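With PDB, C-alpha atoms, pLDDT in the B column inside, this is data_16.pdb:
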```pdb
ATOM      1  CA  MET A   1     -19.325 -75.431  44.054  1.00 78.00           C
ATOM      2  CA  ARG A   2     -19.548 -76.442  40.415  1.00 81.00           C
ATOM      3  CA  GLU A   3     -22.853 -78.206  41.137  1.00 86.00           C
ATOM      4  CA  GLU A   4     -24.257 -75.080  42.735  1.00 88.00           C
ATOM      5  CA  ASN A   5     -23.193 -72.955  39.761  1.00 90.00           C
ATOM      6  CA  THR A   6     -24.843 -75.409  37.375  1.00 92.00           C
ATOM      7  CA  ARG A   7     -28.011 -75.386  39.479  1.00 91.00           C
ATOM      8  CA  ARG A   8     -28.077 -71.567  39.572  1.00 93.00           C
ATOM      9  CA  LYS A   9     -27.504 -71.291  35.831  1.00 94.00           C
ATOM     10  CA  GLU A  10     -30.279 -73.798  35.063  1.00 94.00           C
ATOM     11  CA  PHE A  11     -32.675 -71.986  37.404  1.00 95.00           C
ATOM     12  CA  GLU A  12     -31.905 -68.610  35.855  1.00 95.00           C
ATOM     13  CA  GLU A  13     -32.361 -69.945  32.322  1.00 94.00           C
ATOM     14  CA  ILE A  14     -35.799 -71.436  32.864  1.00 95.00           C
ATOM     15  CA  ALA A  15     -37.263 -69.388  35.733  1.00 96.00           C
ATOM     16  CA  MET A  16     -36.145 -65.819  35.194  1.00 95.00           C
ATOM     17  CA  ALA A  17     -37.913 -65.624  31.830  1.00 95.00           C
ATOM     18  CA  HIS A  18     -41.192 -65.338  33.780  1.00 96.00           C
ATOM     19  CA  LEU A  19     -40.164 -62.407  35.982  1.00 96.00           C
ATOM     20  CA  ASP A  20     -42.416 -59.852  34.252  1.00 95.00           C
ATOM     21  CA  SER A  21     -45.446 -62.151  34.330  1.00 95.00           C
ATOM     22  CA  LEU A  22     -44.970 -62.845  38.029  1.00 97.00           C
ATOM     23  CA  TYR A  23     -44.542 -59.152  38.792  1.00 96.00           C
ATOM     24  CA  ASN A  24     -47.720 -58.262  36.871  1.00 93.00           C
ATOM     25  CA  MET A  25     -49.691 -60.889  38.795  1.00 94.00           C
ATOM     26  CA  ALA A  26     -48.186 -59.769  42.117  1.00 94.00           C
ATOM     27  CA  LEU A  27     -49.201 -56.200  41.317  1.00 91.00           C
ATOM     28  CA  ARG A  28     -52.789 -57.365  40.707  1.00 89.00           C
ATOM     29  CA  PHE A  29     -52.705 -59.041  44.139  1.00 89.00           C
ATOM     30  CA  VAL A  30     -51.268 -56.202  46.235  1.00 89.00           C
ATOM     31  CA  PHE A  31     -51.741 -53.003  44.137  1.00 87.00           C
ATOM     32  CA  ASN A  32     -48.429 -51.631  45.369  1.00 91.00           C
ATOM     33  CA  LYS A  33     -45.163 -51.677  43.394  1.00 94.00           C
ATOM     34  CA  GLU A  34     -42.837 -52.168  46.362  1.00 95.00           C
ATOM     35  CA  GLU A  35     -44.981 -54.926  47.866  1.00 94.00           C
ATOM     36  CA  ALA A  36     -45.262 -56.601  44.458  1.00 94.00           C
ATOM     37  CA  GLU A  37     -41.472 -56.500  44.065  1.00 96.00           C
ATOM     38  CA  ASP A  38     -41.061 -57.995  47.551  1.00 95.00           C
ATOM     39  CA  LEU A  39     -43.595 -60.716  46.764  1.00 96.00           C
ATOM     40  CA  VAL A  40     -41.804 -61.646  43.537  1.00 97.00           C
ATOM     41  CA  GLN A  41     -38.400 -61.604  45.230  1.00 97.00           C
ATOM     42  CA  GLU A  42     -39.673 -63.891  47.977  1.00 97.00           C
ATOM     43  CA  THR A  43     -41.227 -66.155  45.333  1.00 97.00           C
ATOM     44  CA  TYR A  44     -37.927 -66.507  43.486  1.00 97.00           C
ATOM     45  CA  LEU A  45     -35.993 -67.127  46.694  1.00 96.00           C
ATOM     46  CA  LYS A  46     -38.382 -69.937  47.635  1.00 96.00           C
ATOM     47  CA  ALA A  47     -38.422 -71.312  44.105  1.00 96.00           C
ATOM     48  CA  TYR A  48     -34.631 -71.443  44.030  1.00 96.00           C
ATOM     49  CA  ARG A  49     -34.473 -72.990  47.476  1.00 96.00           C
ATOM     50  CA  PHE A  50     -36.839 -75.770  46.386  1.00 95.00           C
ATOM     51  CA  PHE A  51     -35.710 -75.991  42.772  1.00 95.00           C
ATOM     52  CA  ASP A  52     -34.695 -79.612  43.372  1.00 93.00           C
ATOM     53  CA  THR A  53     -38.391 -80.440  43.862  1.00 94.00           C
ATOM     54  CA  PHE A  54     -39.372 -79.028  40.467  1.00 94.00           C
ATOM     55  CA  GLN A  55     -40.139 -81.860  38.057  1.00 92.00           C
ATOM     56  CA  LYS A  56     -38.218 -81.249  34.866  1.00 89.00           C
ATOM     57  CA  GLY A  57     -40.435 -81.307  31.809  1.00 89.00           C
ATOM     58  CA  THR A  58     -43.416 -79.814  33.645  1.00 92.00           C
ATOM     59  CA  ASN A  59     -44.581 -76.214  33.406  1.00 95.00           C
ATOM     60  CA  ILE A  60     -42.112 -73.997  35.314  1.00 96.00           C
ATOM     61  CA  LYS A  61     -44.379 -70.973  34.829  1.00 96.00           C
ATOM     62  CA  ALA A  62     -47.297 -72.715  36.557  1.00 96.00           C
ATOM     63  CA  TRP A  63     -44.970 -73.871  39.354  1.00 97.00           C
ATOM     64  CA  LEU A  64     -43.741 -70.314  39.919  1.00 97.00           C
ATOM     65  CA  PHE A  65     -47.293 -68.917  39.907  1.00 97.00           C
ATOM     66  CA  LYS A  66     -48.308 -71.479  42.520  1.00 96.00           C
ATOM     67  CA  ILE A  67     -45.429 -70.407  44.765  1.00 97.00           C
ATOM     68  CA  LEU A  68     -46.324 -66.738  44.183  1.00 97.00           C
ATOM     69  CA  ARG A  69     -49.966 -67.355  45.093  1.00 95.00           C
ATOM     70  CA  ASN A  70     -49.125 -69.396  48.203  1.00 95.00           C
ATOM     71  CA  THR A  71     -46.633 -66.754  49.312  1.00 95.00           C
ATOM     72  CA  PHE A  72     -49.304 -64.076  48.893  1.00 94.00           C
ATOM     73  CA  ILE A  73     -51.882 -66.126  50.828  1.00 92.00           C
ATOM     74  CA  ASN A  74     -49.443 -66.805  53.663  1.00 91.00           C
ATOM     75  CA  LYS A  75     -48.574 -63.104  53.892  1.00 85.00           C
ATOM     76  CA  TYR A  76     -52.293 -62.308  53.855  1.00 75.00           C
ATOM     77  CA  ARG A  77     -52.909 -64.757  56.696  1.00 70.00           C
ATOM     78  CA  LYS A  78     -50.069 -63.349  58.764  1.00 73.00           C
ATOM     79  CA  THR A  79     -50.730 -59.655  58.303  1.00 70.00           C
ATOM     80  CA  ALA A  80     -54.445 -59.509  57.449  1.00 57.00           C
ATOM     81  CA  SER A  81     -53.535 -56.119  56.002  1.00 50.00           C
ATOM     82  CA  MET A  82     -55.047 -56.649  52.548  1.00 46.00           C
ATOM     83  CA  PRO A  83     -58.243 -54.800  51.546  1.00 48.00           C
ATOM     84  CA  ASN A  84     -61.454 -56.536  52.633  1.00 45.00           C
ATOM     85  CA  GLU A  85     -62.424 -57.441  49.082  1.00 40.00           C
ATOM     86  CA  VAL A  86     -59.206 -59.407  48.614  1.00 40.00           C
ATOM     87  CA  PHE A  87     -60.324 -62.842  49.720  1.00 41.00           C
ATOM     88  CA  PHE A  88     -59.909 -66.247  48.176  1.00 44.00           C
ATOM     89  CA  GLU A  89     -63.002 -68.325  48.843  1.00 42.00           C
ATOM     90  CA  ASP A  90     -60.758 -71.355  48.953  1.00 36.00           C
ATOM     91  CA  ILE A  91     -58.038 -69.808  51.134  1.00 33.00           C
ATOM     92  CA  GLU A  92     -58.417 -72.510  53.793  1.00 31.00           C
ATOM     93  CA  SER A  93     -58.261 -75.352  51.280  1.00 32.00           C
ATOM     94  CA  VAL A  94     -54.695 -74.778  50.130  1.00 32.00           C
ATOM     95  CA  ASN A  95     -53.099 -78.206  50.384  1.00 31.00           C
ATOM     96  CA  ALA A  96     -49.434 -78.933  50.672  1.00 31.00           C
ATOM     97  CA  HIS A  97     -47.982 -80.446  47.516  1.00 35.00           C
ATOM     98  CA  THR A  98     -44.397 -79.246  47.816  1.00 34.00           C
ATOM     99  CA  PRO A  99     -41.858 -79.247  50.656  1.00 33.00           C
ATOM    100  CA  TYR A 100     -42.063 -75.435  50.591  1.00 33.00           C
ATOM    101  CA  GLU A 101     -45.766 -75.488  51.411  1.00 37.00           C
ATOM    102  CA  GLN A 102     -45.340 -78.136  54.096  1.00 36.00           C
ATOM    103  CA  GLU A 103     -42.559 -76.175  55.716  1.00 36.00           C
ATOM    104  CA  ASN A 104     -44.616 -72.995  55.562  1.00 38.00           C
ATOM    105  CA  LYS A 105     -47.565 -74.705  57.251  1.00 39.00           C
ATOM    106  CA  SER A 106     -45.309 -75.864  60.065  1.00 37.00           C
ATOM    107  CA  GLY A 107     -44.233 -72.257  60.575  1.00 34.00           C
ATOM    108  CA  GLU A 108     -40.530 -72.851  60.167  1.00 31.00           C
ATOM    109  CA  TYR A 109     -39.371 -70.365  58.112  1.00 28.00           C
ATOM    110  CA  ALA A 110     -63.906 -61.498  26.723  1.00 32.00           C
ATOM    111  CA  ALA A 111     -67.443 -62.329  26.246  1.00 35.00           C
ATOM    112  CA  ASP A 112     -68.523 -63.890  22.918  1.00 35.00           C
ATOM    113  CA  THR A 113     -69.927 -60.636  21.542  1.00 29.00           C
ATOM    114  CA  LEU A 114     -66.544 -58.945  21.603  1.00 32.00           C
ATOM    115  CA  GLU A 115     -64.746 -59.172  18.294  1.00 31.00           C
ATOM    116  CA  THR A 116     -61.391 -59.682  20.006  1.00 36.00           C
ATOM    117  CA  LYS A 117     -60.302 -62.532  22.241  1.00 36.00           C
ATOM    118  CA  TYR A 118     -59.577 -61.930  25.885  1.00 39.00           C
ATOM    119  CA  ASN A 119     -56.229 -63.546  25.115  1.00 40.00           C
ATOM    120  CA  ASP A 120     -55.336 -60.203  23.548  1.00 43.00           C
ATOM    121  CA  LEU A 121     -55.680 -58.452  26.923  1.00 46.00           C
ATOM    122  CA  GLY A 122     -51.933 -58.622  27.371  1.00 45.00           C
ATOM    123  CA  ASN A 123     -51.609 -56.232  24.423  1.00 49.00           C
ATOM    124  CA  LEU A 124     -54.551 -54.029  25.412  1.00 48.00           C
ATOM    125  CA  LEU A 125     -53.868 -53.392  29.077  1.00 55.00           C
ATOM    126  CA  ASP A 126     -54.300 -49.642  29.157  1.00 69.00           C
ATOM    127  CA  ASP A 127     -55.796 -47.847  32.146  1.00 77.00           C
ATOM    128  CA  ASP A 128     -59.474 -48.656  31.399  1.00 79.00           C
ATOM    129  CA  VAL A 129     -58.815 -52.368  30.997  1.00 80.00           C
ATOM    130  CA  LYS A 130     -56.515 -52.502  34.038  1.00 84.00           C
ATOM    131  CA  ARG A 131     -59.166 -50.743  36.089  1.00 86.00           C
ATOM    132  CA  ALA A 132     -61.846 -53.185  34.916  1.00 88.00           C
ATOM    133  CA  LEU A 133     -59.618 -56.156  35.761  1.00 88.00           C
ATOM    134  CA  ASP A 134     -58.643 -54.756  39.146  1.00 89.00           C
ATOM    135  CA  ASN A 135     -62.308 -54.215  40.044  1.00 90.00           C
ATOM    136  CA  LEU A 136     -63.160 -57.882  39.507  1.00 92.00           C
ATOM    137  CA  PRO A 137     -63.463 -60.104  42.575  1.00 93.00           C
ATOM    138  CA  ILE A 138     -59.998 -61.558  43.058  1.00 90.00           C
ATOM    139  CA  GLU A 139     -60.913 -65.167  42.218  1.00 93.00           C
ATOM    140  CA  TYR A 140     -62.257 -64.055  38.804  1.00 95.00           C
ATOM    141  CA  ARG A 141     -59.373 -61.666  38.171  1.00 93.00           C
ATOM    142  CA  GLU A 142     -56.879 -64.381  39.042  1.00 94.00           C
ATOM    143  CA  ALA A 143     -58.523 -66.912  36.714  1.00 95.00           C
ATOM    144  CA  ILE A 144     -58.611 -64.455  33.794  1.00 95.00           C
ATOM    145  CA  LEU A 145     -55.027 -63.334  34.276  1.00 94.00           C
ATOM    146  CA  LEU A 146     -53.701 -66.885  34.551  1.00 96.00           C
ATOM    147  CA  SER A 147     -55.768 -68.339  31.711  1.00 96.00           C
ATOM    148  CA  ASP A 148     -56.373 -65.525  29.251  1.00 93.00           C
ATOM    149  CA  VAL A 149     -53.360 -63.291  29.764  1.00 91.00           C
ATOM    150  CA  GLU A 150     -50.689 -65.797  30.829  1.00 94.00           C
ATOM    151  CA  GLU A 151     -52.208 -68.518  28.587  1.00 94.00           C
ATOM    152  CA  LEU A 152     -51.948 -71.280  31.180  1.00 96.00           C
ATOM    153  CA  SER A 153     -54.116 -74.359  30.700  1.00 96.00           C
ATOM    154  CA  TYR A 154     -57.243 -75.005  32.781  1.00 97.00           C
ATOM    155  CA  LYS A 155     -55.309 -77.823  34.441  1.00 96.00           C
ATOM    156  CA  ASP A 156     -52.449 -75.485  35.397  1.00 96.00           C
ATOM    157  CA  VAL A 157     -54.869 -72.832  36.684  1.00 97.00           C
ATOM    158  CA  SER A 158     -56.677 -75.527  38.663  1.00 96.00           C
ATOM    159  CA  GLU A 159     -53.425 -76.683  40.276  1.00 95.00           C
ATOM    160  CA  ILE A 160     -52.260 -73.135  41.020  1.00 96.00           C
ATOM    161  CA  THR A 161     -55.560 -72.107  42.630  1.00 95.00           C
ATOM    162  CA  ASN A 162     -56.355 -75.460  44.289  1.00 94.00           C
ATOM    163  CA  VAL A 163     -59.855 -75.655  42.819  1.00 96.00           C
ATOM    164  CA  PRO A 164     -61.416 -78.142  40.367  1.00 97.00           C
ATOM    165  CA  ILE A 165     -61.240 -77.427  36.632  1.00 97.00           C
ATOM    166  CA  GLY A 166     -65.028 -76.901  36.614  1.00 97.00           C
ATOM    167  CA  THR A 167     -64.608 -74.101  39.151  1.00 97.00           C
ATOM    168  CA  VAL A 168     -61.865 -72.544  37.010  1.00 97.00           C
ATOM    169  CA  LYS A 169     -64.198 -72.563  33.986  1.00 97.00           C
ATOM    170  CA  SER A 170     -67.025 -71.103  36.046  1.00 97.00           C
ATOM    171  CA  ARG A 171     -64.802 -68.301  37.366  1.00 96.00           C
ATOM    172  CA  LEU A 172     -63.587 -67.537  33.861  1.00 97.00           C
ATOM    173  CA  ASN A 173     -67.150 -67.398  32.559  1.00 96.00           C
ATOM    174  CA  ARG A 174     -68.337 -65.119  35.357  1.00 96.00           C
ATOM    175  CA  GLY A 175     -65.243 -62.941  35.206  1.00 95.00           C
ATOM    176  CA  ARG A 176     -65.537 -62.514  31.442  1.00 94.00           C
ATOM    177  CA  LYS A 177     -69.191 -61.531  31.790  1.00 93.00           C
ATOM    178  CA  LEU A 178     -68.288 -58.919  34.395  1.00 92.00           C
ATOM    179  CA  LEU A 179     -65.496 -57.625  32.158  1.00 89.00           C
ATOM    180  CA  HIS A 180     -67.869 -57.558  29.208  1.00 84.00           C
ATOM    181  CA  LYS A 181     -70.298 -55.435  31.162  1.00 87.00           C
ATOM    182  CA  SER A 182     -67.703 -53.008  32.494  1.00 86.00           C
ATOM    183  CA  LEU A 183     -65.862 -52.676  29.183  1.00 83.00           C
ATOM    184  CA  TRP A 184     -68.871 -52.353  26.872  1.00 84.00           C
ATOM    185  CA  GLU A 185     -68.493 -48.606  26.294  1.00 75.00           C
ATOM    186  CA  TYR A 186     -64.724 -48.908  26.139  1.00 76.00           C
ATOM    187  CA  ALA A 187     -65.014 -51.593  23.467  1.00 74.00           C
ATOM    188  CA  LYS A 188     -67.526 -49.572  21.401  1.00 79.00           C
ATOM    189  CA  ASP A 189     -65.351 -46.455  21.514  1.00 78.00           C
ATOM    190  CA  ARG A 190     -62.321 -48.387  20.278  1.00 77.00           C
ATOM    191  CA  GLY A 191     -64.147 -50.303  17.559  1.00 77.00           C
ATOM    192  CA  PHE A 192     -63.853 -53.760  19.104  1.00 72.00           C
ATOM    193  CA  ILE A 193     -67.602 -54.229  18.697  1.00 71.00           C
ATOM    194  CA  LYS A 194     -69.948 -52.929  16.061  1.00 69.00           C
ATOM    195  CA  ARG A 195     -72.122 -49.975  16.996  1.00 60.00           C
ATOM    196  CA  GLY A 196     -75.303 -51.822  16.110  1.00 58.00           C
ATOM    197  CA  LYS A 197     -74.795 -54.477  18.786  1.00 48.00           C
TER     198      LYS A 197
END
```

Could you show the structure in this file as C-alpha cells?
Amino acid sequence: MREENTRRKEFEEIAMAHLDSLYNMALRFVFNKEEAEDLVQETYLKAYRFFDTFQKGTNIKAWLFKILRNTFINKYRKTASMPNEVFFEDIESVNAHTPYEQENKSGEYAADTLETKYNDLGNLLDDDVKRALDNLPIEYREAILLSDVEELSYKDVSEITNVPIGTVKSRLNRGRKLLHKSLWEYAKDRGFIKRGK
C-alpha cells in the first residue's frame, strides 16, 4: 500500500503538471471539449498504468504526448468518426515501443518575415490564430503545436509522431508557411510586421 501511495504521489508530481498542455493538444485533435477531456483522462489512466515503463530522467511531457497521440489514433481507427481532413499520413506506421502500445495492438484492453517567433503562439492564441492553426492539415498543426507551442525538441516530436527528424522539420517549414499566409493580415493589423513589407 505504501509503495502504491509513493508511486501515485510521484506520478502526480511529474505528470499532472502537463494537464493543460495535453488538454489543449487533445482539443486540437477532436475539436470538442468533452471528447478532449475524455481523451486526456484516458491518456492519464494509461500513463499511470504503465508508469513503471517510464524511464526516469527522460522527458515525461514527450512520453505523455506520445500516449495521447496513440490513444487518439486508436480511437480514430476504431470509430472512424473524425472529420475526413483529420488523417495522419503515417497512421499505419505507428510502431510499438511501450507495453501500452503492444497491448493496444493485440486488442486487449512563424515565417521569417514575422517580427515575432512562433514560440510566442502560446501567448497569442486568440480566435484568429486558433482558427489559422485549426485549419492547417493535422500533421503540420501537430508539428507546430508540439515544437513551437509546447517547445519540445525535434527529437521528441520525431518520437511522438513516429517520423524522421527531417520530416518533422519539413512539416514545421510547410506549416509555418501556411500560417504565415493565413495570418498575414492579422499580423499587419496587430503590428507584428511592418506595413511596408

Would you compute the distance between atom CA of A:Tyr44 and atom CA of A:Leu64? Give it in Å to one decimal. 7.8 Å

Name the residues that the PyMOL selection byres ((chain A and resi 156) around 9) picks from the file above, as a ChimeraX atom specification, using the file's chain letters and numbers. /A:59,62-63,146-147,152-155,157-161

Rounded to one decimal in Å, what is the spacing between atom CA of A:Lys177 and atom CA of A:Tyr140? 10.2 Å

Please compute the atom CA of A:Ala132-atom CA of A:Glu42 distance, one decimal, in Å. 27.9 Å

I'd like the residues picked by the PyMOL selection byres ((chain A and resi 1-9) around 12) written out as a PyMOL selection string, using the chain letters and numbers from the file. chain A and resi 10-16+44-45+47-52+54

Once you have the residues from the selection above, write them out as a tab-separated table (two decimals), keeping the file's coordinate frame, restricted to C-alpha atoms.
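Final file, selection.tsv:
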```
chain	number	residue	atom	x	y	z
A	10	GLU	CA	-30.28	-73.80	35.06
A	11	PHE	CA	-32.67	-71.99	37.40
A	12	GLU	CA	-31.90	-68.61	35.85
A	13	GLU	CA	-32.36	-69.94	32.32
A	14	ILE	CA	-35.80	-71.44	32.86
A	15	ALA	CA	-37.26	-69.39	35.73
A	16	MET	CA	-36.15	-65.82	35.19
A	44	TYR	CA	-37.93	-66.51	43.49
A	45	LEU	CA	-35.99	-67.13	46.69
A	47	ALA	CA	-38.42	-71.31	44.10
A	48	TYR	CA	-34.63	-71.44	44.03
A	49	ARG	CA	-34.47	-72.99	47.48
A	50	PHE	CA	-36.84	-75.77	46.39
A	51	PHE	CA	-35.71	-75.99	42.77
A	52	ASP	CA	-34.70	-79.61	43.37
A	54	PHE	CA	-39.37	-79.03	40.47
```

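Between A:Trp184 and the candidates A:Leu19, A:Val129, A:Val149, A:Thr167, the tightest atom-to-atom separation, counting all atoms listed in the file, involves A:Val129.
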
Counting only C-alpha atoms, which of A:Asp189, A:Glu142, A:Glu35, A:Asp127 gets nearest to A:Lys66? A:Glu142

Using the chain letters and numbers from the file, give me the residues hit by the PyMOL selection byres ((chain A and resi 28) around 12), as a VMD selection string. chain A and resid 21 to 27 29 to 33 35 to 37 39 68 to 69 72 86 130 to 146

Minimum-distance residue to A:Tyr186, chosen among A:Asp128, A:Lys61, A:Asn70, A:Thr79 (using all atoms listed in the file):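 Smallest separation from A:Tyr186 among the options: A:Asp128.
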